[in-house]
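Q: My file is structure.txt. It has compact mmCIF, C-alpha atoms:
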# COMPACT_ATOMS: atom_id res chain seq x y z
CA LYS A 3 39.73 123.98 78.77
CA PRO A 4 39.52 120.72 80.73
CA LYS A 5 42.21 120.07 83.29
CA LYS A 6 44.60 117.20 82.75
CA GLY A 7 44.55 114.34 85.18
CA LYS A 8 47.55 113.11 87.16
CA LYS A 9 48.07 110.29 84.68
CA ALA A 10 48.21 112.73 81.74
CA ASP A 11 50.66 114.95 83.66
CA MET A 12 52.91 111.95 84.29
CA VAL A 13 52.80 111.02 80.59
CA ASP A 14 53.74 114.59 79.60
CA ALA A 15 56.60 114.60 82.10
CA LEU A 16 57.89 111.26 80.80
CA LEU A 17 57.68 112.47 77.20
CA GLU A 18 59.50 115.68 78.12
CA ASN A 19 62.23 113.73 79.91
CA GLU A 20 62.56 111.36 76.98
CA SER A 21 62.83 114.28 74.57
CA ARG A 22 65.49 115.96 76.73
CA ARG A 23 67.40 112.69 77.04
CA LYS A 24 67.27 112.24 73.26
CA GLN A 25 68.60 115.78 72.71
CA GLU A 26 71.42 115.22 75.21
CA LEU A 27 72.32 111.93 73.51
CA GLU A 28 72.35 113.60 70.08
CA LEU A 29 74.54 116.42 71.42
CA LYS A 30 76.91 113.90 72.98
CA GLN A 31 77.17 112.03 69.68
CA GLN A 32 77.85 115.28 67.81
CA LEU A 33 80.61 116.19 70.26
CA GLU A 34 82.16 112.73 70.01
CA GLU A 35 82.06 112.93 66.19
CA ALA A 36 83.64 116.40 66.26
CA GLU A 37 86.34 115.13 68.64
CA ALA A 38 87.04 112.10 66.45
CA ASN A 39 87.23 114.26 63.31
CA LYS A 40 89.59 116.73 64.96
CA ARG A 41 91.89 113.97 66.20
CA LYS A 42 91.82 112.36 62.74
CA GLU A 43 92.73 115.71 61.16
CA LEU A 44 95.68 116.10 63.54
CA LYS A 45 96.84 112.52 63.00
CA ASN A 46 96.92 113.13 59.24
CA MET A 47 99.47 115.90 59.78
CA SER A 48 103.13 115.10 59.33
CA VAL A 49 105.55 115.17 62.27
CA ASP A 50 107.09 118.39 60.95
CA GLU A 51 103.66 120.03 60.66
CA LEU A 52 102.79 118.99 64.20
CA LYS A 53 106.06 120.42 65.49
CA LYS A 54 105.48 123.73 63.71
CA SER A 55 101.93 123.98 65.07
CA LEU A 56 103.11 123.24 68.59
CA SER A 57 105.91 125.81 68.33
CA LYS A 58 103.46 128.48 67.15
CA LYS A 59 101.40 127.86 70.28
CA GLY A 60 104.48 128.06 72.48
CA LEU A 61 104.31 124.35 73.31
CA GLU A 62 107.12 121.81 73.44
CA ALA A 63 107.57 120.31 69.95
CA ALA A 64 108.98 116.94 70.97
CA GLY A 65 107.97 113.40 71.79
CA LYS A 66 106.07 110.71 69.91
CA LYS A 67 103.58 111.67 67.21
CA ASP A 68 100.59 110.53 69.29
CA ASP A 69 101.79 112.68 72.20
CA MET A 70 102.08 115.73 69.91
CA VAL A 71 98.62 115.08 68.48
CA GLU A 72 97.17 114.92 71.98
CA ALA A 73 99.03 118.09 73.03
CA LEU A 74 97.64 119.99 70.03
CA TYR A 75 94.15 118.62 70.63
CA GLN A 76 94.18 119.71 74.28
CA ALA A 77 95.57 123.11 73.28
CA GLY A 78 92.68 123.51 70.85
CA ILE A 79 90.16 122.68 73.57
CA GLN A 80 91.78 125.23 75.88
CA GLU A 81 91.63 127.88 73.16
CA GLU A 82 87.92 127.19 72.67
CA ILE A 83 87.33 127.52 76.42
CA VAL A 84 89.23 130.84 76.51
CA ALA A 85 87.33 132.15 73.46
CA ALA A 86 83.99 131.24 75.04
CA ARG A 87 84.98 132.85 78.35
CA LYS A 88 86.17 135.99 76.54
CA ALA A 89 82.85 136.27 74.68
CA LYS A 90 80.97 135.89 77.98
CA LEU A 91 83.06 138.63 79.62
CA ARG A 92 82.46 140.97 76.67
CA ALA A 93 78.72 140.40 76.97
CA MET A 94 78.60 141.14 80.73
CA ALA A 95 76.86 144.27 81.96
CA VAL A 96 79.22 147.04 83.08
CA ASP A 97 78.21 146.81 86.77
CA ASP A 98 78.56 143.00 86.80
CA PHE A 99 81.97 143.26 85.15
CA LYS A 100 83.13 145.82 87.74
CA LYS A 101 81.97 143.52 90.55
CA LEU A 102 83.92 140.66 88.97
CA LEU A 103 87.05 142.82 88.82
CA ALA A 104 86.66 143.90 92.45
CA SER A 105 86.12 140.31 93.65
CA ASN A 106 89.41 139.30 92.03
CA GLY A 107 91.35 142.30 93.34
CA LEU A 108 91.70 143.81 89.86
CA PHE A 109 91.44 147.51 89.01
CA ALA A 110 89.16 148.93 86.33
CA GLY A 111 90.60 150.12 83.03
CA LYS A 112 89.98 149.58 79.34
CA ARG A 113 87.48 146.77 78.81
CA GLU A 114 89.72 144.62 76.58
CA ASP A 115 92.71 145.08 78.89
CA MET A 116 90.60 144.08 81.87
CA ILE A 117 89.24 141.03 80.04
CA GLU A 118 92.82 139.88 79.42
CA ALA A 119 93.63 140.59 83.09
CA VAL A 120 90.67 138.47 84.23
CA LEU A 121 91.66 135.62 81.90
CA ALA A 122 95.27 135.76 83.14
CA HIS A 123 94.09 135.79 86.76
CA GLU A 124 91.78 132.80 86.19
CA ALA A 125 94.57 130.93 84.37
CA LYS A 126 96.81 131.41 87.41
CA LEU A 127 94.07 130.03 89.65
CA VAL A 128 93.69 126.99 87.40
CA GLU A 129 97.46 126.37 87.49
CA ALA A 130 97.45 126.75 91.27
CA VAL A 131 94.67 124.16 91.55
CA LYS A 132 96.57 121.79 89.23
CA ALA A 133 99.74 122.25 91.27
CA TYR A 134 97.85 121.55 94.51
CA ASP A 135 96.21 118.46 92.99
CA ALA A 136 99.67 117.22 91.98
CA LYS A 137 100.85 117.69 95.57
CA ILE A 138 97.84 115.76 96.82
CA GLU A 139 98.74 112.86 94.53
CA GLU A 140 102.36 113.06 95.70
CA VAL A 141 101.35 112.92 99.37
CA LEU A 142 98.88 110.08 98.77
CA ALA A 143 101.54 108.09 96.89
CA LYS A 144 103.91 108.48 99.83
CA MET A 145 101.18 107.52 102.29
CA LYS A 146 100.34 104.45 100.21
CA GLU A 147 103.99 103.40 100.16
CA GLU A 148 104.18 103.71 103.95
CA LEU A 149 100.93 101.80 104.43
CA GLU A 150 102.01 99.00 102.09
CA ALA A 151 105.02 98.43 104.34
CA LYS A 152 102.68 97.60 107.25
CA THR A 153 101.16 94.21 108.03
CA ALA A 154 97.48 93.44 107.61
CA ASN A 155 97.00 93.49 111.40
CA GLU A 156 98.73 96.87 111.71
CA LEU A 157 96.43 98.26 109.02
CA LYS A 158 93.46 96.75 110.83
CA ASP A 159 94.49 98.54 114.04
CA LEU A 160 94.86 101.84 112.16
CA CYS A 161 91.36 101.46 110.72
CA ALA A 162 89.95 100.56 114.13
CA ASN A 163 91.61 103.57 115.80
CA LYS A 164 89.95 105.84 113.24
CA ASN A 165 86.59 104.05 113.52
CA LEU A 166 86.80 103.01 109.86
CA LYS A 167 85.51 99.90 108.14
CA LEU A 168 88.03 97.15 108.86
CA GLY A 169 87.63 95.27 105.61
CA ALA A 170 88.99 91.83 104.89
CA GLY A 171 92.16 92.37 102.89
CA LYS A 172 95.27 94.51 103.04
CA GLU A 173 94.54 96.41 99.81
CA GLY A 174 91.02 97.26 100.95
CA ARG A 175 92.28 98.64 104.26
CA ILE A 176 94.92 100.73 102.52
CA GLU A 177 92.29 102.21 100.20
CA THR A 178 90.01 102.92 103.18
CA LEU A 179 92.81 104.75 105.01
CA LEU A 180 93.74 106.75 101.92
CA GLN A 181 90.14 107.76 101.33
CA ASP A 182 89.89 108.86 104.96
CA ALA A 183 93.10 110.90 104.58
CA LYS A 184 91.60 112.67 101.56
CA ALA A 185 88.29 113.32 103.30
CA SER A 186 89.93 114.65 106.48
CA ASP A 187 92.55 117.38 106.77
CA GLU A 188 95.41 114.86 106.99
CA VAL A 189 96.51 115.38 103.37
CA ASP A 190 96.22 119.17 103.67
CA ARG A 191 98.37 119.12 106.82
CA ALA A 192 100.97 116.97 105.07
CA ILE A 193 101.08 119.38 102.10
CA THR A 194 101.43 122.35 104.46
CA ALA A 195 104.29 120.60 106.26
CA LEU A 196 106.07 119.90 102.95
CA ALA A 197 105.65 123.50 101.82
CA ARG A 198 106.95 124.78 105.16
CA LYS A 199 109.96 122.46 104.97
CA ALA A 200 110.78 123.58 101.42
CA ARG A 201 110.46 127.25 102.38
CA THR A 202 112.63 126.73 105.47
CA GLU A 203 115.37 125.17 103.35
CA GLN A 204 115.09 128.03 100.87
CA LEU A 205 115.44 130.66 103.60
CA LEU A 206 118.33 128.88 105.33
CA VAL A 207 120.56 129.10 102.25
CA MET A 208 119.94 132.85 101.92
CA GLU A 209 122.30 135.46 103.36
CA ALA A 210 121.29 136.92 106.74
CA GLY A 211 120.89 140.35 105.15
CA GLU A 212 118.47 138.98 102.53
CA VAL A 213 116.34 137.33 105.22
CA LEU A 214 116.35 140.54 107.24
CA LYS A 215 115.22 142.47 104.17
CA LEU A 216 112.33 140.03 103.67
CA CYS A 217 111.32 140.54 107.32
CA GLU A 218 111.29 144.30 106.76
CA GLU A 219 109.19 143.95 103.59
CA VAL A 220 106.50 141.96 105.37
CA GLN A 221 106.86 144.09 108.52
CA THR A 222 107.89 141.15 110.71
CA ASP A 223 110.18 141.64 113.71
CA PRO A 224 113.06 139.13 113.35
CA LEU A 225 114.12 139.65 116.98
CA VAL A 226 111.43 137.48 118.54
CA LYS A 227 112.00 137.14 122.29
CA GLU A 228 111.10 133.44 122.40
CA VAL A 229 113.59 132.67 119.60
CA LEU A 230 116.32 134.68 121.33
CA VAL A 231 115.70 132.81 124.58
CA GLU A 232 115.91 129.42 122.81
CA ARG A 233 119.19 130.38 121.13
CA LEU A 234 120.62 131.66 124.42
CA LEU A 235 119.68 128.43 126.19
CA ALA A 236 121.24 126.38 123.39
CA HIS A 237 124.47 128.41 123.66
CA GLU A 238 124.57 128.02 127.43
CA ALA A 239 124.05 124.27 127.05
CA ASP A 240 127.19 124.10 124.90
CA PHE A 241 129.44 126.71 126.55
CA GLY A 242 128.02 127.24 130.02
CA ARG A 243 126.09 130.12 131.54
CA VAL A 244 127.58 133.62 131.58
CA PRO A 245 127.05 135.43 134.93
CA ALA A 246 124.92 138.55 134.57
CA ASP A 247 127.68 140.80 136.02
CA GLU A 248 130.39 139.37 133.75
CA GLU A 249 131.11 140.59 130.23
CA PRO A 250 130.90 137.97 127.46
CA LYS A 251 134.35 136.62 126.52
CA ALA A 252 134.00 137.66 122.88
CA LYS A 253 133.27 141.25 123.91
CA ARG A 254 136.34 141.37 126.23
CA THR A 255 138.52 140.01 123.46
CA ARG A 256 137.38 142.68 120.99
CA ARG A 257 138.20 145.46 123.49
CA ALA A 258 141.65 144.07 124.30
Kindly return the structure encoded in the file as structure tokens.

A:
Amino acid sequence: KPKKGKKADMVDALLENESRRKQELELKQQLEEAEANKRKELKNMSVDELKKSLSKKGLEAAGKKDDMVEALYQAGIQEEIVAARKAKLRAMAVDDFKKLLASNGLFAGKREDMIEAVLAHEAKLVEAVKAYDAKIEEVLAKMKEELEAKTANELKDLCANKNLKLGAGKEGRIETLLQDAKASDEVDRAITALARKARTEQLLVMEAGEVLKLCEEVQTDPLVKEVLVERLLAHEADFGRVPADEEPKAKRTRRA
């Protein structure tokens, strides 16, 4: 059989690429048609029918009709994703499935129970990612607000200090700084600071006994020497230093 020349190989490759591109285009059109038909089907439902369908899925049955249609459509997509994932997990080899369980910190049991456990675990991860993405947007919005309050020259200096493209306008410099914040760890540090602040406020309103119990649960010593020293120094700054050979006034009062 005669060998093909380079030109023939190139032609075959082009034809193969064209065929693949045509298949992808046809698949895309089929998906778009299916999406349009599904949305049309949902839009033809009455408001009461939409509310009942949403309630059955445990979703909020309120809002405008278009919002309910979109909520049902997205719920349907999510159900399809879960069904496909479930089928894939059922088809996995036993050893591969056990490895998947171990990698997610799950214990082996009945196959169907473990499939549900994996799906629940992955759903939690997805929600965690969504929550983190929402925090990123929150931090970026705050950063943008702070940057918009600065002058064009101040923004120029900020860009220069970070060795970023200076740009010509204020909006361009703000976008450059925001993109740099996303690419660096600046946004992550801001999110960590917000989370720490929220947790601090949460712990401060708790009773001392509850905080102590939490320390015991995580095996953390609440009597940290450095903290005790700082509190002692703060007290001495307000009330004066107590000589080492003199009993504290509060202790003498209790004994009296």

Q: Within 8 Å of segment 151-164 of chain A, counting all atoms listed in the file, which residues show up once you throw out same-chain ones fewer than 5 positions away? Write them as a count of residues only, please.

A: 7

Q: Could you tell me how far atom CA of Ala38 of chain A sits from atom CA of Glu72 of chain A, in Å to one decimal place?

A: 11.9 Å

Q: Can you tell me which residues surround segment 103-107 of chain A at a distance of at most 10 Å, considering all atoms listed in the file, apart from same-chain residues fewer than 3 positions away, and format the answer as a list in words?

A: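 The residues satisfying every condition are Asp97, Asp98, Phe99, Lys100, Ala110, Gly111, Met116, Ile117, Ala119, Val120, His123 and Glu124 of chain A.
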
Q: So, counting all atoms listed in the file, which residue among A:Asp223, A:Glu177, A:Glu114, A:Glu212 is closest to Glu150 of chain A?

A: A:Glu177

Q: From the set A:Leu29, A:Val141, A:Leu230, A:Ala197, which residue has the shortest atom-to-atom contact distance to Lys184 of chain A, counting only C-alpha atoms?

A: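 Result for the nearest residue to Lys184 of chain A: A:Val141.
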
Q: Please indicate the distance in Å from atom CA of Leu27 of chain A to atom CA of Val84 of chain A, rounded to one decimal place.

A: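 Those two atoms sit 25.5 Å apart.
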
Q: Enter the distance from atom CA of Leu142 of chain A to atom CA of Ala185 of chain A, in Å, rounded to one decimal.

A: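 A separation of 12.0 Å between them.
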
Q: Skipping near chain neighbours, those fewer than 6 positions away, what residues fall within 12 Å of Met70 of chain A using all atoms listed in the file, listed as a list in words?

A: Arg41, Leu44, Lys45, Met47, Ser48, Val49, Asp50, Glu51, Leu52, Lys53, Lys54, Ser55, Leu56, Ser57, Leu61, Glu62, Ala63, Ala64, Gln76 and Ala77 of chain A

Q: Of the residues A:Ala125, A:Asp69, A:Ala192, A:Gly211, which is the one nearest to Glu81 of chain A, using all atoms listed in the file?

A: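 Closest to Glu81 of chain A of all the choices is A:Ala125.
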
Q: Kindly indicate which residue among A:Leu33, A:Val207, A:Ile83, A:Leu180 lies nearest to Lys146 of chain A, using only C-alpha atoms for the distances.

A: A:Leu180
